[in-house]
Structures are given as C-alpha cells and as structure tokens.
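Have a look at protein-v9.txt; it's compact mmCIF, C-alpha atoms:
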# COMPACT_ATOMS: atom_id res chain seq x y z
CA MET A 1 -198.17 78.36 -14.82
CA PRO A 2 -199.89 80.09 -11.90
CA HIS A 3 -203.65 80.07 -12.08
CA LEU A 4 -206.40 81.28 -9.78
CA ASP A 5 -210.04 80.26 -9.57
CA ALA A 6 -212.35 83.27 -9.57
CA ASN A 7 -215.93 83.93 -10.61
CA GLY A 8 -216.33 80.30 -11.65
CA LEU A 9 -213.38 80.34 -14.06
CA ARG A 10 -209.68 79.55 -13.99
CA PHE A 11 -207.48 82.57 -14.68
CA HIS A 12 -203.85 82.62 -15.68
CA MET A 13 -202.13 85.30 -13.66
CA GLN A 14 -198.81 86.65 -12.42
CA ALA A 15 -198.24 88.28 -9.03
CA LEU A 16 -194.92 90.10 -9.20
CA ARG A 17 -192.92 91.55 -6.35
CA ALA A 18 -189.25 92.44 -6.11
CA GLY A 19 -186.87 95.09 -4.92
CA ASP A 20 -187.13 94.60 -1.17
CA ALA A 21 -183.45 93.84 -0.87
CA ASP A 22 -182.58 96.93 -2.93
CA ASP A 23 -184.31 99.34 -0.59
CA PRO A 24 -183.00 98.74 2.94
CA GLU A 25 -184.32 102.08 4.12
CA ARG A 26 -187.90 101.18 3.36
CA ASP A 27 -190.00 100.58 6.44
CA PRO A 28 -191.20 96.97 6.01
CA THR A 29 -194.39 97.80 7.92
CA THR A 30 -195.43 100.36 5.30
CA PRO A 31 -197.71 98.60 2.84
CA ARG A 32 -196.65 98.75 -0.77
CA ALA A 33 -198.95 100.05 -3.43
CA LYS A 34 -200.95 97.38 -5.23
CA VAL A 35 -201.23 97.69 -8.98
CA VAL A 36 -203.51 95.58 -11.17
CA MET A 37 -203.02 95.61 -14.94
CA ILE A 38 -205.80 94.80 -17.44
CA HIS A 39 -204.95 94.08 -21.06
CA GLY A 40 -206.86 94.53 -24.33
CA LEU A 41 -208.90 92.29 -26.62
CA VAL A 42 -208.35 89.15 -28.72
CA VAL A 43 -204.63 89.05 -29.56
CA ASP A 44 -203.64 90.67 -26.29
CA ASN A 45 -202.74 88.99 -22.99
CA LEU A 46 -200.83 89.70 -19.82
CA SER A 47 -197.47 89.48 -21.58
CA SER A 48 -198.02 92.98 -23.02
CA TYR A 49 -197.41 94.27 -19.52
CA TYR A 50 -194.85 91.61 -18.59
CA TYR A 51 -192.62 92.75 -21.44
CA THR A 52 -193.02 96.49 -20.80
CA ILE A 53 -193.99 98.03 -17.47
CA ALA A 54 -194.92 95.22 -15.06
CA ASN A 55 -191.47 94.13 -13.93
CA PRO A 56 -190.19 97.68 -13.31
CA MET A 57 -193.43 98.39 -11.46
CA ALA A 58 -192.92 95.27 -9.32
CA LEU A 59 -189.74 96.82 -7.91
CA VAL A 60 -191.85 99.43 -6.10
CA ALA A 61 -195.36 97.96 -5.92
CA ASP A 62 -197.07 94.59 -5.68
CA THR A 63 -198.08 94.05 -9.28
CA TYR A 64 -200.83 91.73 -10.49
CA LEU A 65 -201.43 90.67 -14.09
CA TYR A 66 -204.05 88.30 -15.44
CA ASP A 67 -205.37 87.03 -18.73
CA LEU A 68 -208.96 88.10 -19.31
CA ARG A 69 -211.53 85.34 -19.78
CA GLY A 70 -211.17 83.90 -23.26
CA HIS A 71 -207.63 85.29 -23.57
CA GLY A 72 -204.10 84.00 -23.09
CA ARG A 73 -204.16 80.94 -20.87
CA SER A 74 -207.33 81.67 -18.95
CA ASP A 75 -210.54 79.72 -19.44
CA MET A 76 -212.63 80.53 -22.51
CA PRO A 77 -216.31 80.19 -21.55
CA LYS A 78 -218.90 80.26 -24.31
CA THR A 79 -220.64 83.34 -22.93
CA GLY A 80 -220.08 86.30 -20.65
CA TYR A 81 -217.96 88.81 -22.55
CA THR A 82 -219.68 92.07 -21.61
CA VAL A 83 -217.67 94.73 -19.82
CA VAL A 84 -219.71 94.00 -16.70
CA ASN A 85 -218.73 90.32 -16.89
CA HIS A 86 -215.08 91.35 -16.98
CA VAL A 87 -215.67 93.68 -14.04
CA ALA A 88 -217.15 90.78 -12.06
CA ASP A 89 -214.07 88.70 -12.90
CA LEU A 90 -211.77 91.45 -11.61
CA ARG A 91 -213.80 91.89 -8.42
CA SER A 92 -213.54 88.16 -7.79
CA LEU A 93 -209.83 88.09 -8.57
CA LEU A 94 -209.13 90.86 -6.04
CA GLY A 95 -210.78 88.62 -3.46
CA ALA A 96 -208.75 85.63 -4.59
CA TRP A 97 -205.58 87.71 -4.27
CA ASP A 98 -206.74 88.74 -0.80
CA ILE A 99 -206.54 92.42 -1.68
CA ASP A 100 -208.74 94.59 0.50
CA GLU A 101 -207.22 98.01 0.03
CA PRO A 102 -207.79 100.28 -3.00
CA VAL A 103 -205.62 99.39 -5.99
CA HIS A 104 -204.11 101.36 -8.82
CA LEU A 105 -205.86 100.03 -11.91
CA VAL A 106 -203.98 100.06 -15.21
CA GLY A 107 -206.16 99.52 -18.27
CA SER A 108 -204.87 99.34 -21.81
CA SER A 109 -207.24 99.64 -24.78
CA PHE A 110 -210.32 97.50 -23.94
CA GLY A 111 -208.79 97.02 -20.49
CA GLY A 112 -209.39 100.73 -19.98
CA ALA A 113 -213.11 100.19 -20.50
CA ILE A 114 -213.03 97.51 -17.82
CA ALA A 115 -211.06 99.74 -15.44
CA LEU A 116 -213.51 102.63 -15.91
CA ALA A 117 -216.55 100.40 -15.43
CA PHE A 118 -214.97 98.80 -12.36
CA THR A 119 -214.36 102.26 -10.88
CA ARG A 120 -217.95 103.21 -11.53
CA LEU A 121 -219.25 100.13 -9.70
CA PHE A 122 -216.63 99.82 -6.95
CA PRO A 123 -215.15 103.30 -6.40
CA GLU A 124 -213.96 102.38 -2.91
CA LYS A 125 -211.71 99.71 -4.43
CA VAL A 126 -209.75 102.07 -6.70
CA ALA A 127 -206.90 104.30 -5.54
CA SER A 128 -206.21 105.66 -9.01
CA LEU A 129 -206.81 104.95 -12.67
CA ILE A 130 -204.06 104.64 -15.26
CA LEU A 131 -205.59 104.55 -18.73
CA ILE A 132 -203.34 103.72 -21.67
CA GLU A 133 -205.12 104.21 -24.99
CA ALA A 134 -208.30 103.36 -23.13
CA HIS A 135 -211.42 102.49 -25.00
CA PHE A 136 -214.74 103.18 -23.38
CA ALA A 137 -218.23 102.93 -24.72
CA ASN A 138 -219.49 106.06 -26.39
CA GLU A 139 -222.33 106.21 -28.90
CA GLY A 140 -221.92 103.40 -31.41
CA TRP A 141 -218.81 101.93 -29.72
CA GLY A 142 -220.25 98.47 -29.19
CA GLU A 143 -221.35 98.20 -32.80
CA TYR A 144 -217.99 99.54 -33.99
CA MET A 145 -216.00 97.05 -31.90
CA ALA A 146 -218.26 94.15 -32.83
CA GLY A 147 -218.09 95.11 -36.50
CA THR A 148 -214.31 95.34 -36.45
CA LEU A 149 -213.98 91.92 -34.84
CA ALA A 150 -216.59 90.34 -37.08
CA LEU A 151 -214.61 91.58 -40.06
CA ALA A 152 -211.46 90.04 -38.60
CA ALA A 153 -213.33 86.78 -38.05
CA PHE A 154 -214.68 86.74 -41.58
CA GLY A 155 -213.16 83.86 -43.46
CA LEU A 156 -211.14 82.46 -40.58
CA ASP A 157 -213.13 79.24 -40.71
CA GLU A 158 -212.85 78.91 -44.49
CA ASP A 159 -210.93 75.81 -45.54
CA VAL A 160 -208.68 77.75 -47.88
CA VAL A 161 -207.68 80.17 -45.14
CA GLN A 162 -207.02 77.32 -42.72
CA GLU A 163 -204.89 75.55 -45.29
CA TRP A 164 -202.88 78.68 -46.03
CA ILE A 165 -202.19 79.27 -42.35
CA ALA A 166 -201.24 75.63 -41.82
CA GLU A 167 -198.83 75.69 -44.75
CA ASN A 168 -197.37 79.17 -44.46
CA GLY A 169 -197.93 80.32 -40.92
CA THR A 170 -195.33 80.18 -38.21
CA ARG A 171 -196.07 78.29 -35.02
CA LYS A 172 -197.02 81.60 -33.38
CA LEU A 173 -199.33 82.62 -36.22
CA ASN A 174 -201.01 79.24 -36.22
CA ARG A 175 -201.73 79.40 -32.52
CA LEU A 176 -202.92 82.99 -32.76
CA ALA A 177 -205.25 82.16 -35.63
CA ARG A 178 -206.69 79.14 -33.85
CA HIS A 179 -207.20 81.07 -30.63
CA SER A 180 -208.83 84.03 -32.38
CA GLU A 181 -211.05 81.72 -34.38
CA ARG A 182 -212.32 80.03 -31.22
CA LEU A 183 -212.94 83.38 -29.55
CA PHE A 184 -214.78 84.81 -32.55
CA LEU A 185 -216.76 81.78 -33.61
CA GLU A 186 -217.34 79.76 -30.45
CA THR A 187 -218.11 82.46 -27.90
CA SER A 188 -220.63 85.28 -27.53
CA MET A 189 -217.93 87.97 -27.49
CA ILE A 190 -218.94 89.76 -30.67
CA ASP A 191 -222.63 89.71 -29.78
CA ASP A 192 -221.89 90.88 -26.26
CA LEU A 193 -219.81 93.81 -27.49
CA ASN A 194 -222.53 94.73 -29.94
CA GLN A 195 -224.89 95.33 -27.07
CA GLU A 196 -222.64 97.50 -24.90
CA GLN A 197 -224.31 100.71 -23.78
CA PRO A 198 -222.47 104.05 -23.96
CA MET A 199 -220.78 105.38 -20.83
CA SER A 200 -222.15 108.87 -20.29
CA HIS A 201 -220.08 111.92 -19.42
CA ARG A 202 -221.91 111.98 -16.09
CA VAL A 203 -220.25 108.67 -15.21
CA LEU A 204 -216.82 110.13 -15.96
CA GLU A 205 -217.68 113.25 -13.96
CA ALA A 206 -218.55 111.10 -10.94
CA ILE A 207 -215.10 109.47 -10.80
CA GLU A 208 -213.45 110.71 -7.63
CA CYS A 209 -210.06 109.06 -7.80
CA PRO A 210 -207.22 110.65 -9.77
CA ALA A 211 -206.69 109.41 -13.30
CA LEU A 212 -203.67 109.33 -15.57
CA ALA A 213 -204.38 109.04 -19.31
CA ILE A 214 -201.74 108.31 -21.96
CA TYR A 215 -202.51 108.33 -25.69
CA GLY A 216 -200.51 108.56 -28.89
CA ASP A 217 -201.03 111.66 -31.00
CA GLY A 218 -201.75 109.37 -33.95
CA SER A 219 -204.28 107.29 -32.05
CA ASP A 220 -207.52 106.44 -33.80
CA ILE A 221 -209.36 107.03 -30.53
CA LEU A 222 -207.76 110.33 -29.54
CA ASP A 223 -211.25 111.75 -28.94
CA ARG A 224 -211.43 109.51 -25.85
CA ALA A 225 -208.34 111.21 -24.43
CA HIS A 226 -210.05 114.59 -24.55
CA ASP A 227 -213.28 113.16 -23.18
CA LEU A 228 -211.37 111.82 -20.18
CA GLU A 229 -209.52 115.09 -19.64
CA ASP A 230 -212.69 117.16 -19.97
CA HIS A 231 -214.91 115.06 -17.74
CA ILE A 232 -212.89 113.20 -15.10
CA PRO A 233 -212.38 115.77 -12.34
CA HIS A 234 -208.76 114.87 -11.57
CA CYS A 235 -207.28 113.72 -14.86
CA GLU A 236 -203.70 114.16 -16.01
CA LEU A 237 -203.41 113.64 -19.78
CA HIS A 238 -200.23 112.92 -21.73
CA ILE A 239 -200.37 112.80 -25.52
CA VAL A 240 -197.20 111.20 -26.86
CA PRO A 241 -195.84 112.48 -30.19
CA ASP A 242 -195.35 110.10 -33.11
CA CYS A 243 -197.26 107.28 -31.48
CA THR A 244 -200.43 105.39 -32.28
CA HIS A 245 -202.83 103.15 -30.36
CA SER A 246 -199.76 100.98 -29.65
CA VAL A 247 -198.14 103.65 -27.48
CA LEU A 248 -197.32 101.07 -24.78
CA PHE A 249 -194.87 99.45 -27.19
CA GLU A 250 -193.91 102.50 -29.22
CA ALA A 251 -192.96 104.67 -26.24
CA THR A 252 -192.34 102.07 -23.52
CA PRO A 253 -189.69 104.09 -21.61
CA PHE A 254 -191.97 107.15 -21.43
CA VAL A 255 -195.01 105.11 -20.40
CA ARG A 256 -192.97 103.20 -17.83
CA GLU A 257 -191.46 106.29 -16.21
CA THR A 258 -194.77 108.18 -16.25
CA VAL A 259 -196.74 105.34 -14.72
CA LEU A 260 -194.05 104.57 -12.11
CA ASP A 261 -193.90 108.22 -11.13
CA TRP A 262 -197.69 108.36 -10.95
CA VAL A 263 -198.00 105.37 -8.63
CA THR A 264 -195.16 106.62 -6.45
CA ARG A 265 -196.77 110.06 -6.19
CA HIS A 266 -200.22 108.70 -5.47
CA HIS A 267 -199.39 106.02 -2.98
CA ALA A 268 -199.41 106.97 0.65
CA GLY A 269 -200.98 103.81 1.99
CA VAL A 270 -204.39 105.41 1.91
CA PRO A 271 -206.97 106.04 -0.82
CA THR A 272 -205.82 108.93 -2.90
CA ALA A 273 -209.09 110.62 -3.87
CA ALA A 274 -208.82 112.90 -0.85
CA ALA A 275 -205.26 113.79 -1.75
CA ALA A 276 -206.28 114.66 -5.27
CA GLN A 277 -209.12 116.80 -3.94
CA ALA A 278 -206.71 118.68 -1.71
CA ALA A 279 -204.23 119.20 -4.51
CA SER A 280 -206.75 120.57 -6.97
CA MET B 281 -194.84 60.25 -31.69
CA PRO B 282 -192.46 63.17 -31.24
CA GLY B 283 -188.84 62.64 -32.13
CA PRO B 284 -185.90 62.78 -29.77
CA LEU B 285 -185.45 65.84 -27.62
CA PRO B 286 -183.63 68.60 -29.48
CA ILE B 287 -180.69 68.84 -27.17
CA ALA B 288 -177.22 69.13 -28.61
CA ASP B 289 -175.41 65.79 -28.94
CA ALA B 290 -172.17 67.01 -27.45
CA ALA B 291 -170.59 65.34 -24.43
CA PRO B 292 -172.20 66.41 -21.15
CA ASP B 293 -170.98 69.83 -20.04
CA VAL B 294 -170.10 69.48 -16.37
CA THR B 295 -169.54 73.20 -15.73
CA PRO B 296 -172.17 75.24 -13.89
CA GLN B 297 -173.08 76.73 -17.26
CA GLY B 298 -173.62 73.30 -18.78
CA ASP B 299 -175.70 72.25 -15.82
CA VAL B 300 -178.00 75.27 -16.12
CA LEU B 301 -178.17 74.92 -19.89
CA GLU B 302 -179.46 71.39 -19.48
CA VAL B 303 -182.21 72.61 -17.14
CA VAL B 304 -183.19 75.40 -19.51
CA GLN B 305 -183.23 72.99 -22.45
CA ARG B 306 -185.50 70.60 -20.61
CA MET B 307 -187.88 73.34 -19.54
CA LEU B 308 -188.05 74.77 -23.04
CA VAL B 309 -189.08 71.36 -24.34
CA ASP B 310 -191.83 71.28 -21.71
CA VAL B 311 -193.04 74.78 -22.50
CA ILE B 312 -192.95 74.62 -26.29
CA GLY B 313 -193.67 70.96 -26.82
CA PRO B 314 -191.15 68.51 -28.32
CA GLU B 315 -193.13 68.23 -31.55
CA TYR B 316 -192.32 71.85 -32.39
CA LEU B 317 -188.62 71.41 -31.76
CA ILE B 318 -187.86 68.54 -34.10
CA GLY B 319 -184.77 69.40 -36.11
CA LEU B 320 -183.84 72.30 -33.87
CA THR B 321 -180.87 72.37 -31.53
CA ILE B 322 -181.00 74.45 -28.41
CA ASP B 323 -177.61 75.81 -27.44
CA LEU B 324 -176.23 78.99 -25.93
CA ASP B 325 -176.58 80.92 -29.18
CA THR B 326 -180.21 80.01 -29.71
CA SER B 327 -182.49 83.04 -29.80
CA PHE B 328 -185.86 82.74 -28.07
CA ASP B 329 -187.57 84.85 -30.69
CA ALA B 330 -185.77 84.38 -34.00
CA ASP B 331 -184.85 80.70 -33.59
CA LEU B 332 -187.47 79.21 -31.28
CA GLU B 333 -190.30 81.64 -32.13
CA LEU B 334 -191.17 81.55 -28.48
CA GLU B 335 -194.56 83.10 -27.81
CA SER B 336 -194.54 85.87 -25.25
CA LEU B 337 -196.67 83.81 -22.87
CA GLU B 338 -194.29 80.87 -23.30
CA PHE B 339 -191.45 83.08 -22.14
CA VAL B 340 -193.53 84.01 -19.09
CA ALA B 341 -194.10 80.29 -18.47
CA LEU B 342 -190.39 79.54 -18.80
CA ALA B 343 -189.52 82.28 -16.30
CA GLU B 344 -192.14 80.91 -13.92
CA ARG B 345 -190.74 77.38 -14.11
CA LEU B 346 -187.18 78.55 -13.60
CA LEU B 347 -188.28 80.59 -10.60
CA GLU B 348 -189.93 77.51 -9.12
CA TYR B 349 -186.84 75.43 -9.80
CA TYR B 350 -184.10 77.79 -8.65
CA GLY B 351 -186.03 79.79 -6.07
CA GLU B 352 -185.91 83.47 -5.34
CA ALA B 353 -182.15 83.66 -5.79
CA VAL B 354 -182.98 83.95 -9.47
CA ASP B 355 -184.75 87.30 -9.48
CA PHE B 356 -186.35 87.46 -12.91
CA VAL B 357 -188.40 90.51 -12.03
CA ALA B 358 -185.34 92.60 -11.20
CA TRP B 359 -183.47 91.25 -14.23
CA LEU B 360 -186.23 91.93 -16.72
CA ALA B 361 -186.89 95.32 -15.15
CA THR B 362 -183.50 96.45 -16.42
CA MET B 363 -184.34 95.63 -20.04
CA GLU B 364 -186.12 97.42 -22.80
CA LEU B 365 -188.54 95.52 -25.00
CA ASP B 366 -185.96 95.08 -27.76
CA ASP B 367 -183.49 93.62 -25.27
CA ILE B 368 -186.01 90.99 -24.17
CA ILE B 369 -186.85 90.10 -27.76
CA ALA B 370 -183.14 89.70 -28.56
CA LEU B 371 -182.44 87.40 -25.59
CA THR B 372 -180.58 84.16 -26.25
CA VAL B 373 -180.49 80.97 -24.23
CA GLY B 374 -176.91 81.92 -23.35
CA ASP B 375 -178.03 85.24 -21.86
CA LEU B 376 -180.51 83.41 -19.66
CA VAL B 377 -178.01 80.74 -18.63
CA THR B 378 -175.41 83.35 -17.73
CA PHE B 379 -177.96 85.23 -15.64
CA ILE B 380 -178.93 82.08 -13.75
CA VAL B 381 -175.33 80.97 -13.21
CA THR B 382 -174.44 84.41 -11.89
CA SER B 383 -177.48 84.47 -9.62
CA THR B 384 -177.03 81.02 -8.16
CA SER B 385 -173.31 80.46 -8.05
CA THR B 386 -171.54 80.55 -4.75
CA PRO B 387 -168.07 79.22 -4.06
CA ASP B 388 -169.40 76.58 -1.65
CA ARG B 389 -172.05 75.29 -3.96
CA TYR B 390 -169.66 74.20 -6.66
CA ARG B 391 -166.61 73.62 -4.49
CA PHE B 392 -168.35 70.68 -2.83
CA GLY B 393 -169.80 69.31 -6.00
CA LEU B 394 -173.38 69.60 -4.83
CA VAL B 395 -174.69 70.29 -8.27
CA HIS B 396 -172.96 67.67 -10.34
CA GLU B 397 -173.15 64.79 -7.93
CA GLY B 398 -176.75 65.42 -7.00
CA SER B 399 -180.02 65.00 -8.74
CA GLU B 400 -182.06 67.75 -10.36
CA SER B 401 -184.11 68.21 -7.21
CA GLU B 402 -181.01 68.36 -5.07
CA SER B 403 -179.67 71.09 -7.26
CA ALA B 404 -182.93 72.98 -6.91
CA SER B 405 -183.06 72.68 -3.17
CA THR B 406 -179.50 73.93 -2.92
CA ALA B 407 -180.42 77.08 -4.79
CA THR B 408 -183.71 77.59 -3.00
CA ALA B 409 -182.31 77.17 0.46
CA ARG B 410 -179.93 80.09 0.23
Here is a file; write its structure as structure tokens.
Amino acid sequence: MPHLDANGLRFHMQALRAGDADDPERDPTTPRAKVVMIHGLVVDNLSSYYYTIANPMALVADTYLYDLRGHGRSDMPKTGYTVVNHVADLRSLLGAWDIDEPVHLVGSSFGGAIALAFTRLFPEKVASLILIEAHFANEGWGEYMAGTLALAAFGLDEDVVQEWIAENGTRKLNRLARHSERLFLETSMIDDLNQEQPMSHRVLEAIECPALAIYGDGSDILDRAHDLEDHIPHCELHIVPDCTHSVLFEATPFVRETVLDWVTRHHAGVPTAAAAQAAS
Amino acid sequence: MPGPLPIADAAPDVTPQGDVLEVVQRMLVDVIGPEYLIGLTIDLDTSFDADLELESLEFVALAERLLEYYGEAVDFVAWLATMELDDIIALTVGDLVTFIVTSTSTPDRYRFGLVHEGSESESASTATAR
C-alpha cells in the first residue's frame, strides 16, 4: 500500500494517472490539472472517491487521494483533529507530492470544511474548489458534530455491544466498529470538533477562486449550499433531485460528469481565479 | 495458527488464466489475511463483495499489488473508469482475471512459455518490460 510521510504522520494515499496513450493529440509539455480529493469523517476513507469519480478523473488529470489522519490506513494519532490540523496535513502532503502549482480541491462532507479552510489559509495553492455536500462550521456546528459522534460512540465500549458485534457482525462490520471505537474513545476528535469556531460569511466572500457546489435536494445540510452560493463570489451550485447527503453515491454519473467538466473548463495551466473574474 | 490457504484443490491450471488466477488468489490471501478465508474457496466465480466481503480499501490494496506485479500494462485506472459503482461491487475474481489476461497477453509471451516455465518474478518482469 502506498504511504507518504507528511506532517509527522504516515498517510495512506493513491496518486492516479492514466489516459496518456488514449490522447495522442495532447501536447505532452502541457501540464495536466492536479486534483486532490478529501473525504469525510469516521467511516469514510479514500475509497469513496476510488469507487466513484477518481479513476475517471485520472484519465484527464493527475489525481491524488489520501486517508485523513485517524482514517482508513493512515496513522491515528491521539490528538490533532481540528480542521486546522487537517489543513496542515494537506499542506504537508502537497509538498510530499512535489506539487507547487494550484490544485483543484475536491471536498466531500467534512472534507469540504477542510477544503474551505485550506483555501482561506493558502488561497494561492487552490485553482478551484469542488464541494460535494460540504460541511463547514456555522454557529453551533462543532457542538452538533461532536454531539452526533458522541452519540454514535455511546455504548461502543460496552461488553454486551462488543459481544454482539463479535458474534453477529461480518468481518467488515467488526473492523468498522473497532476502528470507530478507537477513533471515538482513544483520540481527541470529538473534543476537537466541539471547539471548532464558525466560518463567517466574510471568509466565504473572500474566496477568489471559482467554486462548484453539489448537494442533494434531500440533504440535511442544504442550508450550506445556499450559503455557499450566496457568499462565494464565483460559485456554481447544482442541487440534485431525489438525493441526500450521500449524493456522491446516489448520483455518481451526474457528479462524475459535472466535476470532470468543471476541471476541464477551469484548467488552462494557470490559476483560474482571474479567468473566473473575467467571465463574471 | 491459520489453516491451509483457501485455494481450490484442483490440478494446476497451466493456461494464462490459471496462472493469473493463482497470482490473484495469493494476493487476496495477503490482503485479507488467511484467517478470514478458512473454509472459503477462491475461484473464478467468487465475488469480491458477496463472497469475500472485501472491504473497499482492501480492493484498493489488491489493485495496487497487481499493478506492482504486472506493471503498467494492467491499467486499472482506465478499467475502473469505465465502470459504475454497481459494476465494481458486482466484480468477480473471474472478471479481474480476464481483464489481466487480456491486458498482459501477447502471442510471444505464451508462445515461448515464459510464464509457465519461469518463476513468479520472471512472469512479472515479462509483463512489466513491455
């Protein structure tokens, strides 16, 4: 399994590239777009992208996936689960991947919060934002997230629950339960989330790069979609009918085509904020 | 101690398909762990999801190992890019073996017996060098 050392931790990652042989007309000296995909919390990992949009994206762009700290097959440190910690990980990973140019950042769910915070701190590193059911901290968000996860953690360490899982759970369920239990009970993740500060509208208004937002019309965080559309200066919003927070899986073909088209449209080998400014 | 490896007891299959199947079987044992495969047989009809309950990250690991073994001739990215999520979930060992055989087979490779007479590493280097 490919791993990279970054920010003092070992990260499981995938760097995907294909399609060169299928496009003989492409000028090999023209740099391809670079796309970095950030997944969501707890039960999520890089495979959410690997199974949906990453491989098609890798036909046209250099595509990078990684498991967040504490997730998938990356290291699980005891502390350091704030959004800013994750941003520092990403900044370090870009260095480890030797990426200097601005990247297209894809953030799903909690990964969207990381992508937004990264853009706030390192705007020169971001060519565009692609936010799929993105969470970001508004008033009470940290407490809500921490409360939700604490509820999920409740009882996981009870003997009776452990016995039930051992007797009745599949191999996958057993591993998932053990991993979640470690993350909930042996790390500071819940406490760290509880202390997240809201991201103000002024932060969204200061984002210069273009942003694509995709949400399901049945999403429990649809208010975020409208916040993004109202406050990010160059935001293209798609609300997908009959979908929920799991729109990446429920409408994979639509998400795939929309994101591929977005990256193709916004990649000219240069940062795209200026292009968005000109187009608006 | 784990039991014997869960590989079908049939006589060795000396076709390209049998050769690749053996590699896939061995890598699956590495990825999943032999203790989880006791009592299971891995053959061409085995489903990664329904039969092996392969975790999504284990499938990623399997693809990574096969890429290392066979080299870039086996273009998993392009192959998976053609599939919808349901297609990937429904994949069988046979689908994967067929893809690898198709990707790696050349008349010369099998005409001269490079695969069957050689070791595992020889087979890998043959595929990688092309």
Margin query: Env of Leu183 in chain A: 9 Å cut, atoms = only C-alpha atoms, seq-sep filter 2 positions within chain, self excluded. Answer as a list in words.
Written below: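 Once the nearby chain positions are removed, what remains is Val42, Gly70, His71, Met76, Lys78, Arg178, His179, Ser180, Glu181, Leu185, Glu186, Thr187, Ser188, Met189 and Ile190 of chain A.
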Take the residues that were just selected and, keeping C-alpha atoms, output them as an mmCIF file, keeping the file's coordinate frame.
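Written output follows (result-v9.cif):
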data_model
loop_
_atom_site.group_PDB
_atom_site.id
_atom_site.type_symbol
_atom_site.label_atom_id
_atom_site.label_comp_id
_atom_site.auth_asym_id
_atom_site.auth_seq_id
_atom_site.Cartn_x
_atom_site.Cartn_y
_atom_site.Cartn_z
ATOM 1 C CA VAL A 42 -208.350 89.150 -28.720
ATOM 2 C CA GLY A 70 -211.170 83.900 -23.260
ATOM 3 C CA HIS A 71 -207.630 85.290 -23.570
ATOM 4 C CA MET A 76 -212.630 80.530 -22.510
ATOM 5 C CA LYS A 78 -218.900 80.260 -24.310
ATOM 6 C CA ARG A 178 -206.690 79.140 -33.850
ATOM 7 C CA HIS A 179 -207.200 81.070 -30.630
ATOM 8 C CA SER A 180 -208.830 84.030 -32.380
ATOM 9 C CA GLU A 181 -211.050 81.720 -34.380
ATOM 10 C CA LEU A 185 -216.760 81.780 -33.610
ATOM 11 C CA GLU A 186 -217.340 79.760 -30.450
ATOM 12 C CA THR A 187 -218.110 82.460 -27.900
ATOM 13 C CA SER A 188 -220.630 85.280 -27.530
ATOM 14 C CA MET A 189 -217.930 87.970 -27.490
ATOM 15 C CA ILE A 190 -218.940 89.760 -30.670
#
Next item on the list: Using all atoms listed in the file, pick whichever of A:Leu121, A:Val240, A:Leu173, A:Ile132 has the shortest atom-to-atom distance to Val203 in chain A.
Entry: A:Leu121
Margin query: Taking all atoms listed in the file into account, find every residue of chain A that has an atom no more than 9 Å from chain B, and write it out as a list in words.
Written below: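 The contacting residues on chain A are Met1, Pro2, Gln14, Leu16, Arg17, Ala18, Gly19, Asn45, Leu46, Ser47, Ser48, Tyr50, Tyr51, Thr52, Ile53, Ala54, Asn55, Pro56, Met57, Ala58, Leu59, Gly72, Arg73, Thr170, Arg171, Lys172, Phe249, Thr252 and Pro253 of chain A.
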Notebook entry, point to check: In Å, how far is it from CA of Thr79 in chain A to CA of Phe184 in chain A?
Noted result: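 Separating CA of Thr79 in chain A from CA of Phe184 in chain A is a distance of 11.4 Å.
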Checklist line | Ser92 in chain A surroundings by all atoms listed in the file, 12 Å radius, close-in-sequence under 6 positions cut, as a ChimeraX atom specification | finding: /A:4-11,85-86,98-100,118
Next, the residues of the selection above should be written as a compact mmCIF listing (two decimals), in the coordinates of the input with C-alpha atoms.
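Result file follows (again10.txt):
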# COMPACT_ATOMS: atom_id res chain seq x y z
CA LEU A 4 -206.40 81.28 -9.78
CA ASP A 5 -210.04 80.26 -9.57
CA ALA A 6 -212.35 83.27 -9.57
CA ASN A 7 -215.93 83.93 -10.61
CA GLY A 8 -216.33 80.30 -11.65
CA LEU A 9 -213.38 80.34 -14.06
CA ARG A 10 -209.68 79.55 -13.99
CA PHE A 11 -207.48 82.57 -14.68
CA ASN A 85 -218.73 90.32 -16.89
CA HIS A 86 -215.08 91.35 -16.98
CA ASP A 98 -206.74 88.74 -0.80
CA ILE A 99 -206.54 92.42 -1.68
CA ASP A 100 -208.74 94.59 0.50
CA PHE A 118 -214.97 98.80 -12.36
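Residue nearest Ala370 in chain B within the list B:Asp331, B:Tyr349, B:Val304, B:Ser385: B:Asp331 [criterion: smallest interatomic distance, all atoms listed in the file].
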Next item on the list: Figure out the distance between CA of Tyr49 in chain A and CA of Asp75 in chain A, please, to one decimal in Å.
Entry: 19.6 Å
Next item on the list: Measure the distance from CA of His3 in chain A to CA of Asp67 in chain A in Å and round it to one decimal.
Entry: 9.8 Å
Write out as a tab-separated table (two decimals) with C-alpha atoms, in the coordinates of the input which residues come within 10 Å of Phe379 in chain B when counting all atoms listed in the file, dropping same-chain ones fewer than 4 positions away.
chain	number	residue	atom	x	y	z
B	297	GLN	CA	-173.08	76.73	-17.26
B	300	VAL	CA	-178.00	75.27	-16.12
B	354	VAL	CA	-182.98	83.95	-9.47
B	355	ASP	CA	-184.75	87.30	-9.48
B	356	PHE	CA	-186.35	87.46	-12.91
B	359	TRP	CA	-183.47	91.25	-14.23
B	373	VAL	CA	-180.49	80.97	-24.23
B	374	GLY	CA	-176.91	81.92	-23.35
B	375	ASP	CA	-178.03	85.24	-21.86
B	383	SER	CA	-177.48	84.47	-9.62
B	384	THR	CA	-177.03	81.02	-8.16
Check: Could you name the residues that touch Leu116 in chain A at 8 Å or less, counting all atoms listed in the file, but leaving out those on the same chain fewer than 4 positions away, as a list of chain:residue names?
Finding: A:Gly112, A:Arg120, A:Leu129, A:Phe136
